[in-house]
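Colleague: Coordinates in my_file34.cif, mmCIF, C-alpha atoms, are listed below.
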```cif
data_model
loop_
_atom_site.label_atom_id
_atom_site.label_comp_id
_atom_site.auth_asym_id
_atom_site.auth_seq_id
_atom_site.Cartn_x
_atom_site.Cartn_y
_atom_site.Cartn_z
CA MET T 12 28.95 -1.44 -3.39
CA SER T 13 30.57 0.66 -0.71
CA SER T 14 34.23 1.13 -1.17
CA THR T 15 35.31 0.70 2.44
CA PRO T 16 35.79 -2.93 3.34
CA TYR T 17 34.81 -3.77 6.91
CA ASN T 18 35.46 -6.82 8.97
CA GLU T 19 32.43 -8.12 10.78
CA GLU T 20 33.52 -6.74 14.14
CA THR T 21 33.95 -3.19 12.87
CA LEU T 22 30.74 -3.38 10.93
CA ILE T 23 28.79 -4.36 14.02
CA LEU T 24 30.44 -1.64 16.05
CA LEU T 25 29.50 1.01 13.48
CA LEU T 26 25.99 -0.35 13.12
CA ARG T 27 25.54 0.02 16.84
CA LYS T 28 26.53 3.66 16.42
CA LYS T 29 23.85 3.96 13.72
CA ASN T 30 26.45 4.85 11.14
CA GLU T 31 25.01 5.49 7.69
CA GLU T 32 28.05 4.18 5.85
CA ALA T 33 27.75 0.94 7.83
CA PHE T 34 24.12 0.58 6.85
CA ARG T 35 24.95 0.99 3.18
CA TYR T 36 27.71 -1.57 3.47
CA LEU T 37 25.43 -3.99 5.29
CA TYR T 38 22.71 -3.50 2.72
CA ASP T 39 24.99 -3.90 -0.25
CA HIS T 40 26.50 -7.07 1.12
CA TYR T 41 23.50 -8.79 2.58
CA ALA T 42 20.26 -7.39 1.12
CA ALA T 43 20.22 -9.71 -1.89
CA ALA T 44 20.81 -12.79 0.24
CA LEU T 45 18.16 -11.80 2.75
CA TYR T 46 15.77 -10.86 -0.05
CA GLY T 47 16.32 -14.34 -1.46
CA VAL T 48 15.47 -15.86 1.90
CA VAL T 49 12.31 -13.78 2.25
CA LEU T 50 11.28 -14.66 -1.29
CA LYS T 51 11.77 -18.33 -0.49
CA VAL T 52 9.22 -18.04 2.26
CA VAL T 53 6.61 -15.71 0.79
CA ASN T 54 7.29 -16.27 -2.89
CA GLU T 55 5.83 -12.93 -3.86
CA GLN T 56 7.90 -9.93 -4.84
CA GLU T 57 5.74 -7.07 -3.70
CA LEU T 58 5.29 -8.56 -0.29
CA ALA T 59 8.98 -9.45 -0.12
CA ASN T 60 9.83 -5.76 -0.72
CA ASP T 61 7.85 -4.78 2.35
CA LEU T 62 9.31 -7.61 4.36
CA LEU T 63 12.88 -6.72 3.44
CA GLN T 64 12.32 -3.22 4.82
CA GLU T 65 10.90 -4.75 7.94
CA VAL T 66 13.94 -7.01 8.22
CA PHE T 67 16.40 -4.13 7.98
CA VAL T 68 14.46 -2.08 10.51
CA LYS T 69 14.66 -5.01 12.90
CA ILE T 70 18.37 -5.55 12.29
CA TRP T 71 18.97 -1.84 12.81
CA ASN T 72 17.00 -1.73 16.04
CA ARG T 73 18.24 -4.99 17.47
CA ILE T 74 21.90 -4.92 16.54
CA ASP T 75 22.73 -4.37 20.21
CA SER T 76 21.29 -7.75 21.07
CA TYR T 77 23.39 -9.61 18.50
CA ASP T 78 25.94 -11.86 20.24
CA PRO T 79 28.89 -12.87 18.01
CA GLN T 80 29.60 -15.75 20.38
CA LYS T 81 26.45 -17.46 19.25
CA GLY T 82 27.07 -17.37 15.54
CA ARG T 83 27.82 -15.35 12.45
CA LEU T 84 26.11 -12.08 11.73
CA PHE T 85 24.57 -13.56 8.62
CA THR T 86 23.02 -16.47 10.55
CA TRP T 87 21.49 -13.98 12.98
CA MET T 88 20.11 -11.85 10.16
CA LEU T 89 18.85 -14.91 8.32
CA HIS T 90 16.84 -15.87 11.37
CA ILE T 91 15.34 -12.39 11.52
CA ALA T 92 14.47 -12.50 7.81
CA ARG T 93 13.03 -15.99 8.06
CA ASN T 94 10.97 -15.26 11.15
CA THR T 95 9.68 -11.95 9.84
CA ALA T 96 8.52 -13.66 6.66
CA ILE T 97 7.03 -16.62 8.53
CA ASP T 98 5.22 -14.31 10.93
CA MET T 99 3.74 -12.54 7.97
CA LEU T 100 2.56 -15.82 6.52
CA ARG T 101 1.01 -16.74 9.81
CA SER T 102 -0.70 -13.39 10.23
CA ARG T 103 -4.37 -13.74 9.87
CA ALA T 104 -4.83 -11.55 6.86
CA TYR T 105 -2.46 -13.61 4.87
CA GLN T 106 -3.62 -17.01 6.01
CA GLN T 107 -6.83 -16.62 4.08
CA GLN T 108 -5.03 -16.29 0.78
CA GLU T 109 -2.54 -18.95 1.60
CA LYS T 110 -5.06 -21.60 2.55
CA ASN T 111 -5.27 -23.03 -0.91
CA GLN T 112 -1.57 -23.27 -1.42
CA SER T 113 -0.70 -26.85 -0.71
CA LEU T 114 2.46 -28.75 -0.17
CA GLU T 115 2.69 -29.43 -3.88
CA SER T 116 3.53 -25.86 -4.75
CA ASN T 117 6.21 -25.83 -2.09
CA VAL T 118 7.93 -28.84 -3.53
CA HIS T 119 9.11 -26.92 -6.55
CA ILE T 120 10.31 -23.80 -4.82
CA GLY T 121 13.83 -25.13 -4.95
CA ASN T 122 13.76 -24.60 -8.68
CA SER T 123 13.76 -21.10 -10.00
CA VAL T 124 10.64 -21.77 -12.05
CA GLN T 125 8.48 -19.57 -9.90
CA MET T 126 10.78 -16.62 -9.94
CA SER T 127 9.18 -14.98 -12.91
CA SER T 128 10.57 -11.47 -12.86
CA ALA T 129 13.14 -11.63 -10.07
CA VAL T 130 16.54 -12.85 -11.16
CA ARG T 131 18.88 -14.84 -9.01
CA VAL T 132 22.31 -13.39 -8.54
CA ASP T 133 24.03 -16.71 -9.10
CA GLU T 134 21.61 -18.80 -11.07
CA ILE T 135 24.22 -21.16 -12.49
CA GLY T 136 26.03 -21.76 -9.23
CA LEU T 137 22.76 -22.65 -7.56
CA LYS T 138 21.72 -25.00 -10.33
CA ASN T 139 24.98 -26.86 -10.12
CA ILE T 140 24.44 -27.51 -6.45
CA LEU T 141 20.76 -28.33 -6.63
CA ASN T 142 21.46 -30.83 -9.38
CA ARG T 143 23.60 -32.80 -7.01
CA LEU T 144 20.88 -33.08 -4.41
CA SER T 145 17.92 -35.39 -4.69
CA ASP T 146 14.44 -33.82 -4.82
CA GLU T 147 13.78 -34.95 -1.31
CA GLN T 148 17.06 -33.58 0.00
CA ARG T 149 16.26 -30.27 -1.66
CA ILE T 150 12.87 -30.14 0.04
CA LEU T 151 14.26 -31.11 3.41
CA ILE T 152 16.97 -28.42 3.28
CA GLU T 153 14.40 -25.94 2.05
CA LYS T 154 12.12 -26.54 4.99
CA ALA T 155 14.81 -26.82 7.62
CA TYR T 156 17.00 -23.94 6.51
CA PHE T 157 14.87 -21.38 4.74
CA LYS T 158 11.56 -22.00 6.41
CA GLY T 159 12.75 -22.84 9.88
CA TYR T 160 10.67 -25.97 10.28
CA THR T 161 11.43 -28.28 13.19
CA GLN T 162 12.07 -31.93 12.45
CA GLU T 163 8.68 -32.75 13.95
CA GLU T 164 6.94 -30.29 11.66
CA ILE T 165 8.67 -31.72 8.64
CA ALA T 166 7.73 -35.26 9.64
CA ARG T 167 4.12 -34.19 10.05
CA GLU T 168 3.92 -32.31 6.80
CA LEU T 169 5.64 -34.91 4.67
CA GLN T 170 3.99 -37.74 6.58
CA ILE T 171 7.24 -39.55 7.21
CA PRO T 172 8.06 -41.09 10.61
CA LEU T 173 10.13 -38.73 12.76
CA GLY T 174 13.06 -41.15 13.05
CA THR T 175 13.27 -41.41 9.29
CA VAL T 176 13.04 -37.66 8.87
CA LYS T 177 15.89 -37.16 11.33
CA THR T 178 18.15 -39.54 9.44
CA ARG T 179 17.27 -38.08 6.08
CA ILE T 180 17.73 -34.48 7.20
CA ARG T 181 21.13 -35.36 8.61
CA HIS T 182 22.13 -36.96 5.32
CA ALA T 183 20.79 -34.05 3.32
CA LEU T 184 22.65 -31.50 5.42
CA GLN T 185 25.89 -33.49 5.23
CA LYS T 186 25.49 -33.90 1.52
CA LEU T 187 25.04 -30.16 1.16
CA ARG T 188 28.11 -29.55 3.27
CA ASP T 189 30.15 -31.92 1.12
CA ILE T 190 28.95 -30.31 -2.09
CA LEU T 191 29.76 -26.82 -0.82
CA GLN T 192 33.18 -27.83 0.42
CA ASP T 193 33.83 -29.59 -2.82
CA ARG T 194 32.89 -26.45 -4.69
CA ASN T 195 35.21 -24.33 -2.59
CA SER T 196 38.18 -26.57 -3.10
CA THR T 197 37.90 -26.60 -6.87
CA MET W 18 35.15 -39.62 23.03
CA ASP W 19 36.12 -39.63 19.38
CA ILE W 20 35.68 -35.98 18.48
CA GLN W 21 35.86 -36.60 14.73
CA GLU W 22 33.09 -39.12 15.01
CA TYR W 23 31.04 -36.63 16.98
CA ILE W 24 31.57 -33.96 14.36
CA SER W 25 30.61 -36.25 11.51
CA SER W 26 27.53 -37.55 13.31
CA GLY W 27 25.46 -34.76 11.80
CA ILE W 28 24.75 -33.04 15.05
CA ILE W 29 26.78 -29.96 14.08
CA GLU W 30 24.56 -29.40 11.05
CA LEU W 31 21.41 -29.65 13.12
CA TYR W 32 22.97 -27.35 15.71
CA VAL W 33 23.74 -24.66 13.16
CA LEU W 34 20.23 -24.87 11.77
CA GLY W 35 18.78 -24.51 15.25
CA MET W 36 17.01 -27.82 14.97
CA LEU W 37 18.22 -29.33 18.22
CA SER W 38 16.40 -29.29 21.51
CA GLU W 39 17.67 -26.77 24.03
CA GLN W 40 19.41 -29.49 25.98
CA GLU W 41 21.14 -30.96 22.93
CA ALA W 42 22.18 -27.49 21.77
CA ALA W 43 23.68 -26.74 25.17
CA GLU W 44 25.67 -29.94 24.89
CA VAL W 45 27.06 -28.98 21.48
CA HIS W 46 27.83 -25.54 22.82
CA ALA W 47 29.77 -27.07 25.69
CA TYR W 48 31.76 -29.33 23.34
CA ALA W 49 32.50 -26.36 21.11
CA ARG W 50 34.15 -24.60 24.05
CA GLN W 51 36.08 -27.67 25.00
CA TYR W 52 37.19 -28.80 21.56
CA PRO W 53 38.35 -26.23 19.01
CA GLU W 54 37.64 -28.79 16.27
CA VAL W 55 33.96 -28.69 17.14
CA GLN W 56 33.89 -24.89 17.09
CA GLN W 57 35.72 -24.97 13.79
CA ALA W 58 33.21 -27.40 12.34
CA ILE W 59 30.39 -25.14 13.45
CA ASP W 60 32.03 -22.07 11.93
CA SER W 61 32.72 -23.82 8.70
CA TYR W 62 29.19 -25.18 8.37
CA GLU W 63 27.74 -21.81 9.13
CA ALA W 64 29.94 -20.31 6.43
CA SER W 65 28.82 -23.02 4.00
CA LEU W 66 25.20 -22.31 4.71
CA GLU W 67 25.77 -18.59 4.24
CA GLN W 68 27.27 -19.45 0.91
CA TYR W 69 24.29 -21.62 0.10
CA ALA W 70 21.90 -18.87 1.03
CA ARG W 71 23.83 -16.43 -1.11
CA LEU W 72 23.29 -18.73 -4.07
CA HIS W 73 19.59 -18.02 -3.64
CA ALA W 74 20.22 -14.29 -3.49
CA VAL W 75 17.95 -12.08 -5.54
CA GLN W 76 18.78 -8.44 -6.13
CA PRO W 77 15.99 -6.35 -4.55
CA PRO W 78 14.57 -3.36 -6.43
CA ALA W 79 17.15 -0.59 -6.60
CA ALA W 80 15.01 2.04 -4.88
CA LEU W 81 14.60 -0.08 -1.77
CA ARG W 82 17.93 0.85 -0.20
CA GLU W 83 17.11 4.57 0.07
CA LYS W 84 13.57 3.82 1.14
CA ILE W 85 14.84 1.69 3.98
CA TRP W 86 17.43 4.28 4.96
CA HIS W 87 14.69 6.91 5.18
CA ARG W 88 12.68 4.63 7.33
CA LEU W 89 15.60 4.02 9.64
CA GLN W 90 16.14 7.77 9.86
CA ALA W 91 12.50 8.25 10.75
CA GLY W 92 13.31 6.06 13.72
CA SER W 93 10.41 4.79 15.70
CA ARG W 94 7.81 6.67 13.70
CA PRO W 95 4.71 4.53 13.39
CA ALA W 96 4.73 2.21 10.46
CA THR W 97 3.12 3.21 7.26
CA MET W 98 2.05 1.21 4.30
CA ILE W 99 4.86 1.13 1.88
CA SER W 100 3.35 -0.62 -1.06
CA GLY W 101 -0.30 -0.64 -1.98
CA ARG W 102 -0.71 -3.91 -0.19
CA LYS W 103 -2.52 -3.67 3.07
CA ILE W 104 -0.30 -4.96 5.82
CA TRP W 105 -0.68 -4.57 9.52
CA ARG W 106 2.88 -3.63 10.18
CA HIS W 107 2.23 -3.60 13.88
CA PRO W 108 -0.22 -6.23 14.92
CA VAL W 109 -1.67 -3.84 17.53
CA LEU W 110 -4.43 -2.44 15.38
CA PRO W 111 -6.37 -5.65 14.74
CA TYR W 112 -6.16 -6.45 18.43
CA LEU W 113 -7.30 -2.96 19.26
CA MET W 114 -10.27 -3.32 16.93
CA ALA W 115 -11.14 -6.70 18.38
CA ALA W 116 -10.94 -5.19 21.85
CA CYS W 117 -13.23 -2.34 20.80
CA VAL W 118 -15.80 -4.75 19.41
CA ILE W 119 -15.67 -6.82 22.58
CA LEU W 120 -16.04 -3.70 24.71
CA LEU W 121 -18.97 -2.54 22.63
CA ILE W 122 -20.74 -5.89 22.93
CA GLY W 123 -20.02 -5.92 26.65
CA SER W 124 -21.37 -2.40 26.99
CA VAL W 125 -24.58 -3.29 25.15
CA VAL W 126 -25.08 -6.37 27.31
CA LEU W 127 -24.51 -4.34 30.47
CA ASN W 128 -26.89 -1.64 29.26
CA VAL W 129 -29.64 -4.18 28.72
CA MET W 130 -28.95 -5.70 32.12
CA PHE W 131 -28.95 -2.36 33.89
CA TYR W 132 -32.09 -1.21 32.10
CA THR W 133 -33.92 -4.39 33.11
CA GLN W 134 -32.77 -3.93 36.68
CA TYR W 135 -33.78 -0.27 36.60
CA LYS W 136 -37.27 -1.21 35.37
CA HIS W 137 -37.57 -3.79 38.08
CA VAL W 138 -36.55 -1.36 40.80
CA GLN W 139 -38.91 1.28 39.42
CA GLU W 140 -41.85 -1.12 39.59
CA GLN W 141 -40.89 -2.12 43.08
CA THR W 142 -40.70 1.52 44.14
CA GLN W 143 -44.16 2.23 42.74
CA ARG W 144 -45.58 -0.81 44.51
CA LEU W 145 -44.03 0.23 47.80
CA GLN W 146 -45.31 3.80 47.40
CA ALA W 147 -48.87 2.51 46.86
CA GLN W 148 -48.54 0.21 49.84
CA GLN W 149 -47.27 3.05 51.96
CA ALA W 150 -50.26 5.24 50.98
CA ASP W 151 -52.62 2.38 51.93
CA LEU W 152 -50.98 1.99 55.30
CA GLN W 153 -51.13 5.74 55.90
CA GLN W 154 -54.85 5.69 55.19
CA GLN W 155 -55.42 2.67 57.43
CA LEU W 156 -53.47 4.29 60.23
CA SER W 157 -55.57 7.46 60.12
CA GLN W 158 -58.73 5.30 60.05
CA TYR W 159 -57.51 3.45 63.13
CA ALA W 160 -56.79 6.73 64.86
CA THR W 161 -60.28 8.06 64.11
CA ALA W 162 -61.96 4.80 65.15
CA PHE W 163 -59.92 4.68 68.34
CA GLN W 164 -60.82 8.28 69.19
CA VAL W 165 -64.54 7.70 68.56
CA LEU W 166 -64.80 4.40 70.39
CA GLN W 167 -62.92 5.61 73.44
CA THR W 168 -65.48 8.35 74.18
CA PRO W 169 -67.79 7.65 77.18
CA ASP W 170 -70.83 7.65 74.86
CA TYR W 171 -69.87 4.20 73.61
CA THR W 172 -70.59 1.07 75.60
CA PRO W 173 -68.35 -1.85 74.73
CA VAL W 174 -70.21 -5.16 74.72
CA LEU W 175 -68.12 -8.30 74.82
CA LEU W 176 -69.63 -11.15 72.79
CA LYS W 177 -68.41 -14.54 73.98
CA GLY W 178 -68.55 -17.87 72.19
CA VAL W 179 -71.54 -20.09 72.82
CA ALA W 180 -71.12 -23.65 74.09
CA GLN W 181 -70.17 -25.03 70.64
CA HIS W 182 -67.66 -22.23 69.95
CA PRO W 183 -66.07 -21.43 73.31
CA ASN W 184 -62.98 -19.70 71.89
CA MET W 185 -64.68 -17.13 69.72
CA ILE W 186 -64.84 -13.48 70.75
CA ALA W 187 -66.23 -10.30 69.20
CA THR W 188 -66.81 -6.79 70.51
CA VAL W 189 -69.68 -4.41 69.75
CA TYR W 190 -69.32 -0.70 70.45
CA TRP W 191 -72.79 0.80 70.85
CA ASN W 192 -73.79 4.40 71.42
CA PRO W 193 -77.29 4.20 72.99
CA SER W 194 -78.04 7.87 72.36
CA SER W 195 -77.06 8.03 68.68
CA GLY W 196 -77.71 4.34 67.99
CA ASP W 197 -74.34 3.94 66.20
CA VAL W 198 -73.03 0.35 66.26
CA TYR W 199 -69.47 -0.81 65.50
CA LEU W 200 -68.42 -4.44 65.31
CA LEU W 201 -64.92 -5.78 65.93
CA PRO W 202 -64.56 -9.53 65.32
CA ASN W 203 -61.69 -10.22 67.75
CA LEU W 204 -61.61 -13.98 67.33
CA LEU W 205 -63.91 -15.14 64.57
CA PRO W 206 -62.74 -17.53 61.85
CA PRO W 207 -63.12 -16.24 58.29
CA PRO W 208 -66.60 -17.28 57.08
CA PRO W 209 -66.82 -20.10 54.52
CA SER W 210 -67.50 -18.91 50.99
CA GLY W 211 -71.11 -17.96 50.33
CA LYS W 212 -71.65 -17.14 54.02
CA GLN W 213 -71.45 -13.94 56.05
CA TYR W 214 -71.59 -13.07 59.73
CA GLN W 215 -74.78 -11.18 60.69
CA LEU W 216 -75.11 -9.07 63.85
CA TRP W 217 -78.36 -9.12 65.76
CA ALA W 218 -79.58 -6.78 68.51
CA ILE W 219 -82.02 -8.35 70.95
CA VAL W 220 -84.71 -5.75 71.56
CA ASP W 221 -87.56 -6.73 73.86
CA GLY W 222 -86.57 -10.34 73.51
CA LYS W 223 -86.69 -10.20 69.70
CA PRO W 224 -83.74 -10.17 67.29
CA VAL W 225 -83.30 -7.08 65.14
CA SER W 226 -80.75 -7.24 62.32
CA ALA W 227 -77.82 -4.85 62.61
CA GLY W 228 -76.47 -5.87 59.17
CA VAL W 229 -73.88 -8.25 57.82
CA TYR W 230 -70.16 -7.95 58.37
CA PRO W 231 -68.44 -7.33 55.00
CA THR W 232 -66.52 -10.33 53.71
CA ALA W 233 -63.72 -8.51 51.94
CA THR W 234 -62.67 -5.99 54.52
CA THR W 235 -60.61 -3.24 53.09
CA GLY W 236 -59.13 -1.20 55.82
CA LEU W 237 -60.26 -1.61 59.40
CA PRO W 238 -61.53 -4.73 61.10
CA VAL W 239 -63.86 -2.41 63.06
CA GLN W 240 -66.88 -1.88 60.84
CA LYS W 241 -69.84 0.43 61.29
CA MET W 242 -73.08 -1.58 61.36
CA ALA W 243 -76.75 -0.56 61.18
CA VAL W 244 -78.08 2.08 63.59
CA ILE W 245 -80.00 0.61 66.57
CA LYS W 246 -81.80 3.24 68.67
CA GLN W 247 -84.10 0.96 70.66
CA PRO W 248 -82.92 -0.26 74.07
CA VAL W 249 -80.87 -3.36 73.44
CA GLN W 250 -80.57 -6.18 75.96
CA ALA W 251 -77.98 -8.22 74.11
CA PHE W 252 -76.04 -8.61 70.84
CA ALA W 253 -75.43 -11.89 68.98
CA ILE W 254 -73.73 -13.04 65.78
CA THR W 255 -74.92 -15.86 63.52
CA LEU W 256 -73.49 -17.26 60.33
CA GLU W 257 -75.97 -16.63 57.54
CA LYS W 258 -76.09 -16.94 53.78
CA GLU W 259 -74.44 -14.12 51.85
CA GLY W 260 -76.43 -10.88 52.17
CA GLY W 261 -78.02 -11.87 55.49
CA SER W 262 -81.33 -13.34 56.58
CA PRO W 263 -84.51 -11.69 57.92
CA THR W 264 -84.43 -13.92 60.98
CA PRO W 265 -81.40 -15.46 62.70
CA THR W 266 -80.58 -19.14 62.28
CA LEU W 267 -80.24 -20.00 65.96
CA SER W 268 -78.34 -23.21 65.33
CA ALA W 269 -75.61 -21.12 63.65
CA MET W 270 -75.13 -18.68 66.53
CA TYR W 271 -71.46 -18.17 67.30
CA VAL W 272 -71.15 -15.47 69.94
CA MET W 273 -73.43 -13.55 72.25
CA GLY W 274 -73.10 -10.82 74.92
CA LYS W 275 -75.45 -8.95 77.21
CA VAL W 276 -75.46 -5.17 77.41
CA ASN W 277 -74.63 -4.05 80.95
CA GLY W 278 -76.98 -1.85 82.90
#
```
Written as structure tokens, that's how I'd like the structure from this file.

Modeller:
Amino acid sequence: MSSTPYNEETLILLLRKKNEEAFRYLYDHYAAALYGVVLKVVNEQELANDLLQEVFVKIWNRIDSYDPQKGRLFTWMLHIARNTAIDMLRSRAYQQQEKNQSLESNVHIGNSVQMSSAVRVDEIGLKNILNRLSDEQRILIEKAYFKGYTQEEIARELQIPLGTVKTRIRHALQKLRDILQDRNST
Amino acid sequence: MDIQEYISSGIIELYVLGMLSEQEAAEVHAYARQYPEVQQAIDSYEASLEQYARLHAVQPPAALREKIWHRLQAGSRPATMISGRKIWRHPVLPYLMAACVILLIGSVVLNVMFYTQYKHVQEQTQRLQAQQADLQQQLSQYATAFQVLQTPDYTPVLLKGVAQHPNMIATVYWNPSSGDVYLLPNLLPPPPSGKQYQLWAIVDGKPVSAGVYPTATTGLPVQKMAVIKQPVQAFAITLEKEGGSPTPTLSAMYVMGKVNG
């Protein structure tokens, strides 16, 4: 970890100046989280390594277009990570391999079962939260948050009416909020 | 509007996740500017989600940080393959290849088309050249015939249609001294198949054959006929069987003309 603590504003300013120290700080503070996001989408370490590089190149090149008014830096970077990984999945070369992977395998991604060699930074903290969500809520959050699905796409994939999906997603997201707030207050 | 109720409706969560339609998102955005509570709810949910994402954090391989830094230093240098995995880092190449294949196919198709057209034009040119040579030859034949027939040695004899064939006309050019005879069928219908026109010279009241007019005329309509040296009173044409007859079929006489003088 870099020794200098930055607030988000200063960090962004220095990143725009292509400051090396700022990059190292950014990487040390966010790489693991973004790597986790990428892994959630592609579920394959080697590919995730390439994608994480891609993600940082994009962040580095596009930092000028980041607008703090529209949300936190992390949210912006999460979108870049998510979209980069999703684009990769959609790229033709990869589609071939992915074809056989069905919804079933996605259902369990919320668990850490598939993370064979990679180790989560906060395995216990995550488990505690996931345990308080139902399987369905876990899947819905997974798809909405990490995979960037629209409500329509979720409805189609899970074959649930759109109205129902909307209600359930709302409940899942509120539940998650409550759990996280609960966790912070204790 | 009850702002607390709005906040707890679940719309903030959907807003933060980017799951609202553009219109709905604009509405939330507007409320956030108007009501600090809404903005606060957004901020706090975003922070929660960041926290949630961080719970899924996985430490990337240690070497990656320097690798990325080197790449950033390299700036806009074209992407290279970083692991052994084959990845089109820039999706330009596959498109470029597809474009090349399409261009190649297009080029082949055009080549075939142009070659066919070229062949066609070549054939046409050859045909036209042959035609042109034919015409050249015909023209020189006409010139010669015209020169010969216009000399004072030749007596033109106009053969007019007989009563049954009033509209038919033919001309005989006869040189009394050399005996050369030319026949020009000005207005004679093409003979029916198996028949030919035969020219007769009337000498001392008796018909003498001057030959048959060729059916398939290549070249000039004016054809040289048999030589007639005897004094001729008249010429006549009858329709005879192919190859001609020894004596004229009088019922099939078409045209006749007396020699002047």

Colleague: Determine the residue membership of the PyMOL selection byres ((chain T and resi 26-34) around 8) for the file above and supply it as a PyMOL selection string.

Modeller: (chain T and resi 13+22-25+35-38+71+74-75) or (chain W and resi 86)

Colleague: May I ask which of the residues W:Met242, W:Leu205, W:Ile24, W:Ala251 is the closest one to Gly222 of chain W, counting only C-alpha atoms?

Modeller: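 Between W:Met242, W:Leu205, W:Ile24, W:Ala251, the residue approaching Gly222 of chain W most closely is W:Ala251.
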
Colleague: Can you tell me, as a PyMOL selection string, which residues sit within 12 Å of (11.5, -8.2, 1.8) in the file's frame, using only C-alpha atoms?

Modeller: (chain T and resi 42-69+89+91-97+99) or (chain W and resi 74-78+81-82+85+99-100)

Colleague: Within 9 Å of (-68.1, -15.1, 59.4) in the file's own coordinates, which protein, DNA or RNA residues have an atom, counting all atoms listed in the file? List them as a list in words.

Modeller: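 It turns out the residues near that spot are Pro202, Leu205, Pro206, Pro207, Pro208, Pro209, Lys212, Gln213, Tyr214, Gln215, Tyr230, Pro231, Thr232, Ile254, Thr255, Leu256 and Glu257 of chain W.
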
Colleague: What does the structure give for the distance between atom CA of Pro172 of chain T and atom CA of Glu30 of chain W, in Å to one decimal?

Modeller: 20.2 Å

Colleague: Quick check, in Å to one decimal: how far apart do atom CA of Leu144 of chain T and atom CA of Leu31 of chain W lie?

Modeller: 17.9 Å

Colleague: Quick check on the file I pasted: which residues fall under the PyMOL selection byres ((chain T and resi 153) around 12)? Write them as a PyMOL selection string.

Modeller: (chain T and resi 48+51-52+93+117-122+141+144+146-152+154-161+165+180+183-184+187) or (chain W and resi 34+66+69-70+73)

Colleague: Pull out every residue that the PyMOL selection byres ((chain W and resi 32) around 10) matches in the shown coordinates and put them as JSON, numbers by chain.

Modeller: {"W": [27, 28, 29, 30, 31, 33, 34, 35, 36, 37, 38, 39, 41, 42, 43, 44, 45, 46, 59, 62, 63]}

Colleague: Which distance in Å separates atom CA of Pro183 of chain W and atom CA of Val244 of chain W, to one decimal?

Modeller: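 Atom CA of Pro183 of chain W sits 28.1 Å away from atom CA of Val244 of chain W.
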
Colleague: With distances taken over all atoms listed in the file, which of T:His40, T:Lys177, T:Arg188, T:Lys138 is nearest to Ser61 of chain W?

Modeller: T:Arg188
